[in-house]
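Right, one structure below, let's go through it.
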Amino acid sequence: HPSLRVRRAALLPPPGERGDPPGDPPGDPLPVQSRPFASYGSALHIALPQPPRAGQLLTLHIDYEAGEGPGVCWLAPEQTAGKQKPYMYTQGQAVLNRSFFPCFDTPSVKCTYSAVVKVPEGFTAVMSATSWEKEKDNTFVFKMSQPIPSYLIALAVGDIVSADVGPRSRVWAEPCLIEAAKKEYDGVIEEFLAVGEKLFGPYVWGRYDILFMPPSFPFGGMENPCLTFLTPCVLAGDRSLADVIIHEISHSWFGNLVTNATWGEFWLNEGFTMYAQRRISTEVYGLPYTCLEAATGRALLRQHMDNTGEDHPLNKLRVVIEPDGRMISEGFSLFVGVNPEDTYNETPYEKGFCFVSYLAHLVGDQSKFDGFLQAYVNRFKFQSITADDALGFFLEYFPELKEKGVDTIPGFEFDRWLNTPGWPPYLPDLSPGEQLMKPAEELAELWAADGLNVEAIEAVDITSWRTYQLVYFLDQVLQKSPLPEGNVERLSKTYPKISKAQNAELRLRWCQIILKNNLEAEYSKVKDFLHSQGKQKYTLPLYRAMWAGPEAARALAMETFSATAPQLHVNVQNYVKKILGLE
């Protein structure tokens, strides 16, 4: 990456041979050259003194300087929860770790790693590693003993402390958040891990810790092995979002253990993980609630495809990242194609989930399909694979399906699933969720009526509704907005559980409803929510809604952005600038 400066490269002698005199830089220096490769990184060329033999082990020593690149995030104190000390963290997915250290930055290559990290007094370093030790001089030593792709190597340094929440789990957070984190997750993680192991086989990573990130962290979670990075938005105070972690836990098998070999087949990570997440959720919370959550996911996919157009090339499960078309630049060929970062959208998650559900539907027996998933993990663990590998194994595991030619059923061909953009050919049956959806739909209907039937509204008791049932209700209200005059104000007074919620999923929807109904009296809630966090999934829809609204809403957008821009991740800042026409 242009932000990473290689100062020197050297070839070290084979292990056991005479070392360099003390004080000398190690090894024989080698010529180094950076050549163009793609818009998101360059190729590091190191010339060897003679061509190596096949199978020969080479040890290179690269002295480099990094820190300015997009994969390394430096936070000023005001971007943290405690507002007292700076903070830094790395975010490798998809192709940003090349700005953190020189690496084969592709998910097709896996390796072990170790690191020695020296930090100033008063700071703690943590990494995605199977072991870590603190030595003198505030130096931390990390080792990852399992092979992982480069995007899963992660480091965070800040004023962070930890608390145990299970036999193999602890939470890490800034001191001002640690009590809330412990309360929210105490005893929760082990239950999810145990169900995951029962379904998919042994958890191979040793510990499962969570680092609660500063509020400016742009993602929901990042499944760095042994240490998931998680948004503090899930700390709702009532465990109502504790299940968000099931998705990251599921990556311990799908994504981290069996990995997509290219970002063009990201659904192998995310589609399988969505399926695994919903299997765990079904075991823990039951089928109706899981179907309701899946219906929310399907609505997000519908929204995404409506926004981009169904036939957008990113709405395929197999995206062409590096097409054959090459551009010649300064004598070197340069890939012109999709930036891997752009593959991050609802399609690999929810359309991928539909494809895995279709495979389960072909098998027709849940316990047999669960058996297949265990065998799949066992067959490909610690490897990077393609869709052809995964689907080939599926047909090999179920020879009777292969014989029936299930991969070429007209309209449902595997090839069509992978290579045709658009809505999934098959949708899993979510009807068990209807017992939770129907009451939410009926209540939304009542609130959208011209004359409010107060008696019918008061007859519905929502106190026992869980998060996704409330989210589903609010999504219905949002679809029916703007509501008749005065209804939103009444709704706000009737359900303080919603309009005064601390739960981020509810806050997002409530803010969207405020904006869609031009409820200026509650604009302060939109402002407060955007000041409290910088998660991309919450921030961008609200700026879009403000910018699509009247003058007062646009003014709110400008005022909020100018106040909060410094606390946002640079990518999120740029996306918001685009929405507000500031580019």
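Convention: chains lettered A, B, ... in structure tokens order; per-chain residue numbering from 1; ligands numbered from 1 as shown.
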>> Can you tell me which residues surround A:Cys226 at a distance of at most 9 Å, considering only C-alpha atoms, apart from same-chain residues fewer than 3 positions away, and format the answer as a PyMOL selection string?
In response: chain A and resi 127-130+205-210+223+252
Could you save the residues just selected, with N, CA and C atoms, as a compact mmCIF listing (two decimals), in the first residue's frame?
# COMPACT_ATOMS: atom_id res chain seq x y z
N MET A 127 -4.58 -8.56 20.73
CA MET A 127 -4.56 -9.00 19.33
C MET A 127 -5.41 -10.26 19.15
N SER A 128 -5.71 -10.57 17.88
CA SER A 128 -6.45 -11.79 17.54
C SER A 128 -5.47 -12.96 17.57
N ALA A 129 -5.13 -13.43 18.76
CA ALA A 129 -4.08 -14.44 18.92
C ALA A 129 -4.50 -15.49 19.93
N THR A 130 -3.94 -16.70 19.78
CA THR A 130 -4.32 -17.78 20.71
C THR A 130 -3.62 -17.63 22.06
N TRP A 205 -10.45 -22.44 18.55
CA TRP A 205 -9.63 -21.24 18.75
C TRP A 205 -9.25 -20.99 20.21
N GLY A 206 -9.59 -21.95 21.10
CA GLY A 206 -9.22 -21.74 22.51
C GLY A 206 -10.18 -20.77 23.18
N ARG A 207 -9.79 -19.49 23.25
CA ARG A 207 -10.63 -18.50 23.91
C ARG A 207 -11.60 -17.84 22.92
N TYR A 208 -12.70 -17.32 23.48
CA TYR A 208 -13.57 -16.44 22.68
C TYR A 208 -13.80 -15.18 23.52
N ASP A 209 -13.01 -14.15 23.25
CA ASP A 209 -13.14 -12.88 23.97
C ASP A 209 -13.81 -11.85 23.08
N ILE A 210 -14.35 -10.81 23.70
CA ILE A 210 -14.95 -9.70 22.95
C ILE A 210 -14.29 -8.40 23.39
N GLU A 223 -15.10 -10.38 13.13
CA GLU A 223 -14.90 -11.69 13.72
C GLU A 223 -13.43 -12.07 13.88
N SER A 252 -16.60 -18.50 13.64
CA SER A 252 -15.52 -19.36 14.15
C SER A 252 -15.41 -20.63 13.32
> Would you give me, as a PyMOL selection string, the residues in stretch 85-277 of chain A that DSSP reads as alpha helix (DSSP H)?
Replying inline: chain A and resi 175-185+188-200+245-250+267-277
Residues within 9 Å of stretch 549-553 of chain A, only C-alpha atoms, excluding chain neighbours under 3 positions, as a compact mmCIF listing (two decimals) with N, CA, C and O atoms, in the first residue's frame:
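selection.txt was written with the following content:
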# COMPACT_ATOMS: atom_id res chain seq x y z
N LEU A 515 -38.15 11.16 11.02
CA LEU A 515 -37.79 11.90 9.80
C LEU A 515 -38.84 11.73 8.70
O LEU A 515 -39.21 12.69 8.03
N LYS A 516 -39.34 10.51 8.55
CA LYS A 516 -40.33 10.26 7.49
C LYS A 516 -41.63 11.04 7.76
O LYS A 516 -42.38 11.37 6.86
N ASN A 518 -41.65 13.97 9.46
CA ASN A 518 -41.30 15.37 9.75
C ASN A 518 -41.69 15.81 11.16
O ASN A 518 -42.27 16.87 11.36
N GLU A 520 -40.63 17.38 13.86
CA GLU A 520 -39.54 18.26 14.29
C GLU A 520 -39.36 18.28 15.80
O GLU A 520 -38.26 18.46 16.31
N TYR A 523 -36.63 15.89 16.66
CA TYR A 523 -35.36 15.91 15.92
C TYR A 523 -34.17 15.70 16.84
O TYR A 523 -33.14 15.16 16.44
N ARG A 544 -29.29 9.78 4.77
CA ARG A 544 -30.10 9.70 3.53
C ARG A 544 -31.50 10.23 3.78
O ARG A 544 -32.05 10.98 2.97
N ALA A 545 -32.10 9.82 4.91
CA ALA A 545 -33.47 10.24 5.22
C ALA A 545 -33.54 11.75 5.46
O ALA A 545 -34.47 12.42 5.00
N MET A 546 -32.54 12.31 6.16
CA MET A 546 -32.53 13.77 6.42
C MET A 546 -32.40 14.52 5.10
O MET A 546 -33.08 15.52 4.87
N LEU A 556 -30.59 19.98 9.79
CA LEU A 556 -30.21 19.08 10.89
C LEU A 556 -29.03 18.20 10.45
O LEU A 556 -28.09 17.97 11.21
N ALA A 557 -29.09 17.73 9.20
CA ALA A 557 -28.02 16.87 8.67
C ALA A 557 -26.69 17.62 8.66
O ALA A 557 -25.67 17.11 9.14
N MET A 558 -26.71 18.84 8.12
CA MET A 558 -25.48 19.63 8.04
C MET A 558 -24.92 19.94 9.42
O MET A 558 -23.72 19.80 9.68
>> Using only C-alpha atoms, can you tell me which of A:Val356, A:Ile189, A:Ala295, A:Leu4 comes closest to A:Gly67?
In response: A:Leu4
> What residues in stretch 205-380 of chain A get the DSSP label strand (DSSP E)? Please answer as a ChimeraX atom specification.
Replying inline: /A:209-212,221-222,227-230,258-260,326-329,332-335
Store the residues picked out above, limited to C-alpha atoms, as a PDB file, in the first residue's frame.
ATOM      1  CA  ASP A 209     -13.137 -12.885  23.972  1.00  0.00           C
ATOM      2  CA  ILE A 210     -14.951  -9.702  22.950  1.00  0.00           C
ATOM      3  CA  LEU A 211     -13.410  -6.242  22.682  1.00  0.00           C
ATOM      4  CA  PHE A 212     -16.028  -3.494  22.925  1.00  0.00           C
ATOM      5  CA  GLY A 221     -18.717  -6.602  14.648  1.00  0.00           C
ATOM      6  CA  MET A 222     -15.499  -7.981  13.161  1.00  0.00           C
ATOM      7  CA  LEU A 227     -11.118 -11.653  19.979  1.00  0.00           C
ATOM      8  CA  THR A 228     -14.239 -10.342  18.236  1.00  0.00           C
ATOM      9  CA  PHE A 229     -14.269  -6.549  17.845  1.00  0.00           C
ATOM     10  CA  LEU A 230     -17.821  -5.409  18.662  1.00  0.00           C
ATOM     11  CA  VAL A 258     -13.312 -22.463   6.216  1.00  0.00           C
ATOM     12  CA  THR A 259     -12.604 -19.286   4.240  1.00  0.00           C
ATOM     13  CA  ASN A 260     -13.604 -17.931   0.836  1.00  0.00           C
ATOM     14  CA  ARG A 326      -6.282  -4.788 -17.703  1.00  0.00           C
ATOM     15  CA  MET A 327      -5.077  -1.263 -17.990  1.00  0.00           C
ATOM     16  CA  ILE A 328      -1.440  -0.533 -18.757  1.00  0.00           C
ATOM     17  CA  SER A 329       0.021   2.078 -16.440  1.00  0.00           C
ATOM     18  CA  PHE A 332       2.909  -2.176 -15.756  1.00  0.00           C
ATOM     19  CA  SER A 333      -0.477  -3.845 -16.094  1.00  0.00           C
ATOM     20  CA  LEU A 334      -3.025  -2.694 -13.539  1.00  0.00           C
ATOM     21  CA  PHE A 335      -6.201  -4.591 -12.618  1.00  0.00           C
TER      22      PHE A 335
END
> Of the candidates A:His1, A:Lys83, A:Lys351, A:Arg466, which shows the shortest atom-to-atom distance to A:Pro70, using only C-alpha atoms?
Replying inline: A:His1
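When only C-alpha atoms are used to measure the gap to A:Phe123, the shortest distance among A:Ala38, A:Val477, A:Ile462, A:Met88 belongs to A:Met88.
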Excluding same-chain residues fewer than 2 positions from A:Leu287, what lies within 12 Å of it counting only C-alpha atoms, as an mmCIF file with all heavy atoms, in the first residue's frame?
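So the final result, stored in result.cif, reads:
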data_model
loop_
_atom_site.group_PDB
_atom_site.id
_atom_site.type_symbol
_atom_site.label_atom_id
_atom_site.label_comp_id
_atom_site.auth_asym_id
_atom_site.auth_seq_id
_atom_site.Cartn_x
_atom_site.Cartn_y
_atom_site.Cartn_z
ATOM 1 N N ARG A 278 -28.586 -18.590 12.299
ATOM 2 C CA ARG A 278 -30.024 -18.848 12.469
ATOM 3 C C ARG A 278 -30.284 -20.267 12.983
ATOM 4 O O ARG A 278 -31.299 -20.514 13.632
ATOM 5 C CB ARG A 278 -30.769 -18.529 11.163
ATOM 6 C CG ARG A 278 -30.798 -17.009 10.958
ATOM 7 C CD ARG A 278 -31.287 -16.513 9.615
ATOM 8 N NE ARG A 278 -31.225 -15.033 9.593
ATOM 9 C CZ ARG A 278 -31.112 -14.294 8.507
ATOM 10 N NH1 ARG A 278 -31.037 -14.873 7.315
ATOM 11 N NH2 ARG A 278 -31.070 -12.965 8.599
ATOM 12 N N ARG A 279 -29.358 -21.182 12.726
ATOM 13 C CA ARG A 279 -29.480 -22.523 13.344
ATOM 14 C C ARG A 279 -29.282 -22.415 14.850
ATOM 15 O O ARG A 279 -30.040 -23.001 15.628
ATOM 16 C CB ARG A 279 -28.434 -23.495 12.744
ATOM 17 C CG ARG A 279 -28.793 -24.080 11.412
ATOM 18 C CD ARG A 279 -30.042 -24.988 11.437
ATOM 19 N NE ARG A 279 -29.857 -26.208 12.194
ATOM 20 C CZ ARG A 279 -30.581 -26.553 13.263
ATOM 21 N NH1 ARG A 279 -31.533 -25.764 13.717
ATOM 22 N NH2 ARG A 279 -30.365 -27.691 13.890
ATOM 23 N N ILE A 280 -28.234 -21.676 15.275
ATOM 24 C CA ILE A 280 -27.996 -21.504 16.724
ATOM 25 C C ILE A 280 -29.191 -20.792 17.355
ATOM 26 O O ILE A 280 -29.716 -21.200 18.399
ATOM 27 C CB ILE A 280 -26.689 -20.719 16.986
ATOM 28 C CG1 ILE A 280 -25.465 -21.529 16.526
ATOM 29 C CG2 ILE A 280 -26.556 -20.365 18.468
ATOM 30 C CD1 ILE A 280 -24.119 -20.796 16.651
ATOM 31 N N SER A 281 -29.661 -19.726 16.700
ATOM 32 C CA SER A 281 -30.789 -18.947 17.222
ATOM 33 C C SER A 281 -32.041 -19.814 17.368
ATOM 34 O O SER A 281 -32.789 -19.703 18.345
ATOM 35 C CB SER A 281 -31.061 -17.765 16.285
ATOM 36 O OG SER A 281 -32.277 -17.148 16.615
ATOM 37 N N THR A 282 -32.275 -20.723 16.408
ATOM 38 C CA THR A 282 -33.435 -21.613 16.483
ATOM 39 C C THR A 282 -33.340 -22.511 17.712
ATOM 40 O O THR A 282 -34.322 -22.718 18.427
ATOM 41 C CB THR A 282 -33.542 -22.471 15.196
ATOM 42 O OG1 THR A 282 -33.679 -21.584 14.091
ATOM 43 C CG2 THR A 282 -34.737 -23.405 15.235
ATOM 44 N N GLU A 283 -32.121 -23.025 17.964
ATOM 45 C CA GLU A 283 -31.925 -23.889 19.142
ATOM 46 C C GLU A 283 -32.144 -23.114 20.446
ATOM 47 O O GLU A 283 -32.687 -23.644 21.404
ATOM 48 C CB GLU A 283 -30.508 -24.484 19.141
ATOM 49 C CG GLU A 283 -30.200 -25.383 17.953
ATOM 50 C CD GLU A 283 -30.910 -26.735 18.022
ATOM 51 O OE1 GLU A 283 -30.821 -27.409 19.067
ATOM 52 O OE2 GLU A 283 -31.561 -27.110 17.023
ATOM 53 N N VAL A 284 -31.689 -21.849 20.474
ATOM 54 C CA VAL A 284 -31.732 -21.081 21.723
ATOM 55 C C VAL A 284 -33.077 -20.378 21.925
ATOM 56 O O VAL A 284 -33.640 -20.393 23.018
ATOM 57 C CB VAL A 284 -30.574 -20.042 21.766
ATOM 58 C CG1 VAL A 284 -30.654 -19.183 23.017
ATOM 59 C CG2 VAL A 284 -29.218 -20.742 21.698
ATOM 60 N N TYR A 285 -33.596 -19.749 20.850
ATOM 61 C CA TYR A 285 -34.790 -18.899 20.990
ATOM 62 C C TYR A 285 -36.037 -19.473 20.331
ATOM 63 O O TYR A 285 -37.116 -18.900 20.439
ATOM 64 C CB TYR A 285 -34.529 -17.509 20.377
ATOM 65 C CG TYR A 285 -33.399 -16.752 21.033
ATOM 66 C CD1 TYR A 285 -32.243 -16.448 20.330
ATOM 67 C CD2 TYR A 285 -33.486 -16.342 22.367
ATOM 68 C CE1 TYR A 285 -31.193 -15.756 20.921
ATOM 69 C CE2 TYR A 285 -32.447 -15.654 22.971
ATOM 70 C CZ TYR A 285 -31.304 -15.366 22.245
ATOM 71 O OH TYR A 285 -30.273 -14.671 22.840
ATOM 72 N N TYR A 289 -39.176 -16.978 16.488
ATOM 73 C CA TYR A 289 -38.360 -15.766 16.664
ATOM 74 C C TYR A 289 -37.272 -15.682 15.604
ATOM 75 O O TYR A 289 -36.991 -14.617 15.054
ATOM 76 C CB TYR A 289 -37.746 -15.737 18.073
ATOM 77 C CG TYR A 289 -37.006 -14.447 18.373
ATOM 78 C CD1 TYR A 289 -37.696 -13.245 18.494
ATOM 79 C CD2 TYR A 289 -35.626 -14.433 18.510
ATOM 80 C CE1 TYR A 289 -37.030 -12.062 18.756
ATOM 81 C CE2 TYR A 289 -34.937 -13.245 18.789
ATOM 82 C CZ TYR A 289 -35.658 -12.065 18.903
ATOM 83 O OH TYR A 289 -34.994 -10.879 19.160
ATOM 84 N N THR A 290 -36.663 -16.844 15.277
ATOM 85 C CA THR A 290 -35.606 -16.865 14.257
ATOM 86 C C THR A 290 -36.169 -16.496 12.883
ATOM 87 O O THR A 290 -35.533 -15.748 12.129
ATOM 88 C CB THR A 290 -34.929 -18.246 14.235
ATOM 89 O OG1 THR A 290 -34.422 -18.514 15.548
ATOM 90 C CG2 THR A 290 -33.781 -18.286 13.247
ATOM 91 N N CYS A 291 -37.371 -17.003 12.568
ATOM 92 C CA CYS A 291 -38.002 -16.663 11.280
ATOM 93 C C CYS A 291 -38.308 -15.171 11.212
ATOM 94 O O CYS A 291 -38.190 -14.548 10.152
ATOM 95 C CB CYS A 291 -39.280 -17.465 11.085
ATOM 96 S SG CYS A 291 -38.971 -19.192 10.680
ATOM 97 N N LEU A 292 -38.700 -14.609 12.352
ATOM 98 C CA LEU A 292 -38.978 -13.171 12.397
ATOM 99 C C LEU A 292 -37.704 -12.369 12.115
ATOM 100 O O LEU A 292 -37.703 -11.416 11.319
ATOM 101 C CB LEU A 292 -39.546 -12.801 13.779
ATOM 102 C CG LEU A 292 -39.798 -11.329 14.040
ATOM 103 C CD1 LEU A 292 -40.887 -10.806 13.131
ATOM 104 C CD2 LEU A 292 -40.197 -11.118 15.483
ATOM 105 N N GLU A 293 -36.579 -12.779 12.746
ATOM 106 C CA GLU A 293 -35.292 -12.104 12.500
ATOM 107 C C GLU A 293 -34.904 -12.254 11.034
ATOM 108 O O GLU A 293 -34.438 -11.307 10.402
ATOM 109 C CB GLU A 293 -34.226 -12.706 13.439
ATOM 110 C CG GLU A 293 -32.845 -12.077 13.319
ATOM 111 C CD GLU A 293 -32.024 -12.633 12.160
ATOM 112 O OE1 GLU A 293 -32.018 -13.867 11.957
ATOM 113 O OE2 GLU A 293 -31.404 -11.824 11.446
ATOM 114 N N ALA A 294 -35.133 -13.456 10.459
ATOM 115 C CA ALA A 294 -34.790 -13.695 9.056
ATOM 116 C C ALA A 294 -35.663 -12.841 8.126
ATOM 117 O O ALA A 294 -35.218 -12.410 7.062
ATOM 118 C CB ALA A 294 -34.932 -15.180 8.725
ATOM 119 N N ASP A 429 -39.056 -20.914 3.835
ATOM 120 C CA ASP A 429 -40.364 -20.660 4.427
ATOM 121 C C ASP A 429 -40.195 -20.009 5.803
ATOM 122 O O ASP A 429 -39.617 -20.610 6.710
ATOM 123 C CB ASP A 429 -41.094 -22.003 4.561
ATOM 124 C CG ASP A 429 -42.408 -21.859 5.318
ATOM 125 O OD1 ASP A 429 -42.978 -20.737 5.320
ATOM 126 O OD2 ASP A 429 -42.859 -22.856 5.920
ATOM 127 N N LEU A 430 -40.675 -18.795 5.933
ATOM 128 C CA LEU A 430 -40.563 -18.090 7.227
ATOM 129 C C LEU A 430 -41.917 -18.039 7.944
ATOM 130 O O LEU A 430 -42.085 -17.284 8.899
ATOM 131 C CB LEU A 430 -40.016 -16.671 7.008
ATOM 132 C CG LEU A 430 -38.648 -16.560 6.308
ATOM 133 C CD1 LEU A 430 -38.214 -15.108 6.174
ATOM 134 C CD2 LEU A 430 -37.575 -17.380 7.036
ATOM 135 N N SER A 431 -42.877 -18.865 7.486
ATOM 136 C CA SER A 431 -44.231 -18.781 8.060
ATOM 137 C C SER A 431 -44.309 -19.056 9.568
ATOM 138 O O SER A 431 -45.191 -18.511 10.228
ATOM 139 C CB SER A 431 -45.197 -19.685 7.299
ATOM 140 O OG SER A 431 -44.752 -21.023 7.345
ATOM 141 N N PRO A 432 -43.387 -19.882 10.154
ATOM 142 C CA PRO A 432 -43.474 -20.028 11.613
ATOM 143 C C PRO A 432 -43.358 -18.687 12.353
ATOM 144 O O PRO A 432 -43.813 -18.559 13.494
ATOM 145 C CB PRO A 432 -42.302 -20.942 11.959
ATOM 146 C CG PRO A 432 -42.050 -21.719 10.707
ATOM 147 C CD PRO A 432 -42.369 -20.786 9.576
ATOM 148 N N GLY A 433 -42.762 -17.687 11.693
ATOM 149 C CA GLY A 433 -42.639 -16.370 12.330
ATOM 150 C C GLY A 433 -43.939 -15.582 12.335
ATOM 151 O O GLY A 433 -44.047 -14.556 13.016
ATOM 152 N N GLU A 434 -44.932 -16.096 11.583
ATOM 153 C CA GLU A 434 -46.156 -15.310 11.440
ATOM 154 C C GLU A 434 -46.892 -15.091 12.752
ATOM 155 O O GLU A 434 -47.573 -14.079 12.928
ATOM 156 C CB GLU A 434 -47.072 -15.917 10.366
ATOM 157 C CG GLU A 434 -46.724 -15.354 8.983
ATOM 158 C CD GLU A 434 -47.296 -16.158 7.832
ATOM 159 O OE1 GLU A 434 -48.294 -16.883 8.056
ATOM 160 O OE2 GLU A 434 -46.737 -16.057 6.727
ATOM 161 N N GLN A 435 -46.752 -16.034 13.699
ATOM 162 C CA GLN A 435 -47.421 -15.841 14.999
ATOM 163 C C GLN A 435 -46.874 -14.605 15.723
ATOM 164 O O GLN A 435 -47.544 -14.041 16.586
ATOM 165 C CB GLN A 435 -47.294 -17.098 15.854
ATOM 166 C CG GLN A 435 -45.870 -17.459 16.242
ATOM 167 C CD GLN A 435 -45.776 -18.840 16.859
ATOM 168 O OE1 GLN A 435 -45.878 -19.852 16.176
ATOM 169 N NE2 GLN A 435 -45.591 -18.898 18.172
ATOM 170 N N LEU A 436 -45.648 -14.188 15.366
ATOM 171 C CA LEU A 436 -45.084 -12.957 15.936
ATOM 172 C C LEU A 436 -45.287 -11.773 14.984
ATOM 173 O O LEU A 436 -45.398 -10.628 15.417
ATOM 174 C CB LEU A 436 -43.589 -13.144 16.217
ATOM 175 C CG LEU A 436 -43.209 -14.262 17.204
ATOM 176 C CD1 LEU A 436 -41.702 -14.431 17.262
ATOM 177 C CD2 LEU A 436 -43.750 -13.973 18.604
#
>> Taking 4 positions as the minimum chain separation for residues in the same chain, which residues sit within 12 Å of A:Ile160 when counting only C-alpha atoms? Answer as an MDAnalysis selection string.
In response: chainID A and resid 80:82 84:88 122:126 156 171:178 210:214
>> I'd like the neighbourhood of A:Glu197 as a list in words, where a residue qualifies if any of its atoms comes within 12 Å (using only C-alpha atoms), though same-chain residues fewer than 3 positions away should be ignored.
In response: Glu190, Glu191, Phe192, Leu193, Ala194, Phe200, Gly201, Pro202, Tyr203, Val204, Trp205, Ile249, Ser250, Ser252, Trp253, Ala276, Arg279, Ile280, Asp370, Leu373, Gln374 and Val377 of chain A
Write the residues of the preceding selection, restricted to C-alpha atoms, as an mmCIF file, in the first residue's frame.
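Final file, result02.cif:
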data_model
loop_
_atom_site.group_PDB
_atom_site.id
_atom_site.type_symbol
_atom_site.label_atom_id
_atom_site.label_comp_id
_atom_site.auth_asym_id
_atom_site.auth_seq_id
_atom_site.Cartn_x
_atom_site.Cartn_y
_atom_site.Cartn_z
ATOM 1 C CA GLU A 190 -20.763 -19.975 26.679
ATOM 2 C CA GLU A 191 -24.359 -20.975 25.873
ATOM 3 C CA PHE A 192 -23.964 -19.830 22.258
ATOM 4 C CA LEU A 193 -20.521 -21.492 21.909
ATOM 5 C CA ALA A 194 -21.848 -24.795 23.310
ATOM 6 C CA PHE A 200 -20.796 -27.638 13.761
ATOM 7 C CA GLY A 201 -18.070 -29.460 15.680
ATOM 8 C CA PRO A 202 -15.279 -28.391 18.064
ATOM 9 C CA TYR A 203 -14.449 -24.713 18.645
ATOM 10 C CA VAL A 204 -10.742 -24.742 17.713
ATOM 11 C CA TRP A 205 -9.629 -21.240 18.748
ATOM 12 C CA ILE A 249 -19.452 -16.677 16.964
ATOM 13 C CA SER A 250 -20.709 -18.542 13.865
ATOM 14 C CA SER A 252 -15.522 -19.356 14.149
ATOM 15 C CA TRP A 253 -16.511 -22.205 11.789
ATOM 16 C CA ALA A 276 -25.271 -21.060 11.069
ATOM 17 C CA ARG A 279 -29.480 -22.523 13.344
ATOM 18 C CA ILE A 280 -27.996 -21.504 16.724
ATOM 19 C CA ASP A 370 -26.541 -30.447 10.053
ATOM 20 C CA LEU A 373 -22.257 -28.877 7.706
ATOM 21 C CA GLN A 374 -20.100 -30.701 10.298
ATOM 22 C CA VAL A 377 -16.160 -27.874 8.248
#
Fewer than 5 positions away in the same chain doesn't count, so skip those; otherwise give me all residues within 7 Å of A:Tyr349, counting only C-alpha atoms, as a short mmCIF file (atom, residue, chain, number, x, y, z; two decimals) with C-alpha atoms, in the first residue's frame.
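And here's result07.cif as it stands now:
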data_model
loop_
_atom_site.label_atom_id
_atom_site.label_comp_id
_atom_site.auth_asym_id
_atom_site.auth_seq_id
_atom_site.Cartn_x
_atom_site.Cartn_y
_atom_site.Cartn_z
CA TRP A 267 -21.14 -15.53 0.29
CA GLU A 270 -21.37 -14.74 5.02
CA GLY A 271 -24.17 -16.92 3.55
CA MET A 274 -26.08 -16.37 8.36
#
> Closest to A:Phe412 among A:Glu396, A:Leu359, A:Pro31, A:Gln303, using only C-alpha atoms?
Replying inline: A:Leu359
>> Restricting the calculation to only C-alpha atoms: of A:Pro225, A:Pro147, A:Arg239, A:Asp388, which residue gets closest to A:Val188?
In response: A:Arg239
Within 10 Å of stretch 568-574 of chain A, which residues of stretch 517-548 of chain A show up? Give each one with its shortest atom-to-atom distance in Å (one decimal) and the two atoms involved, counting only C-alpha atoms, rows by chain then rising residue number, as CSV.
residue,atom,partner,partner_atom,distance
A:Leu530,CA,A:Leu568,CA,9.9
A:His531,CA,A:Leu568,CA,9.6
A:Gln533,CA,A:Leu568,CA,8.3
A:Gly534,CA,A:Leu568,CA,5.5
A:Lys535,CA,A:Val572,CA,8.2
A:Gln536,CA,A:Val572,CA,6.1
A:Lys537,CA,A:Val572,CA,9.7
A:Thr539,CA,A:Val572,CA,8.1
A:Leu540,CA,A:Val572,CA,7.8
Expected file: the selected residues, C-alpha atoms, as a short mmCIF file (atom, residue, chain, number, x, y, z; two decimals), in the first residue's frame:
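Once everything was written out, this is again31.cif:
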data_model
loop_
_atom_site.label_atom_id
_atom_site.label_comp_id
_atom_site.auth_asym_id
_atom_site.auth_seq_id
_atom_site.Cartn_x
_atom_site.Cartn_y
_atom_site.Cartn_z
CA LEU A 530 -25.82 10.25 15.72
CA HIS A 531 -23.70 11.89 18.41
CA GLN A 533 -22.22 6.27 17.82
CA GLY A 534 -20.72 6.12 14.33
CA LYS A 535 -21.80 2.71 13.07
CA GLN A 536 -22.13 2.82 9.28
CA LYS A 537 -25.36 0.77 9.22
CA THR A 539 -25.42 6.52 10.31
CA LEU A 540 -25.89 6.39 6.53
#
Report as CSV: every residue of stretch 369-399 of chain A with an atom at most 9 Å from stretch 98-113 of chain A, its closest pair of atoms, and their distance in Å to one decimal, counting only C-alpha atoms, with rows sorted by chain and ascending residue number.
residue,atom,partner,partner_atom,distance
A:Phe382,CA,A:Lys110,CA,7.6
A:Gln383,CA,A:Lys110,CA,7.5
A:Ser384,CA,A:Ser108,CA,5.2
A:Ile385,CA,A:Ser108,CA,7.6
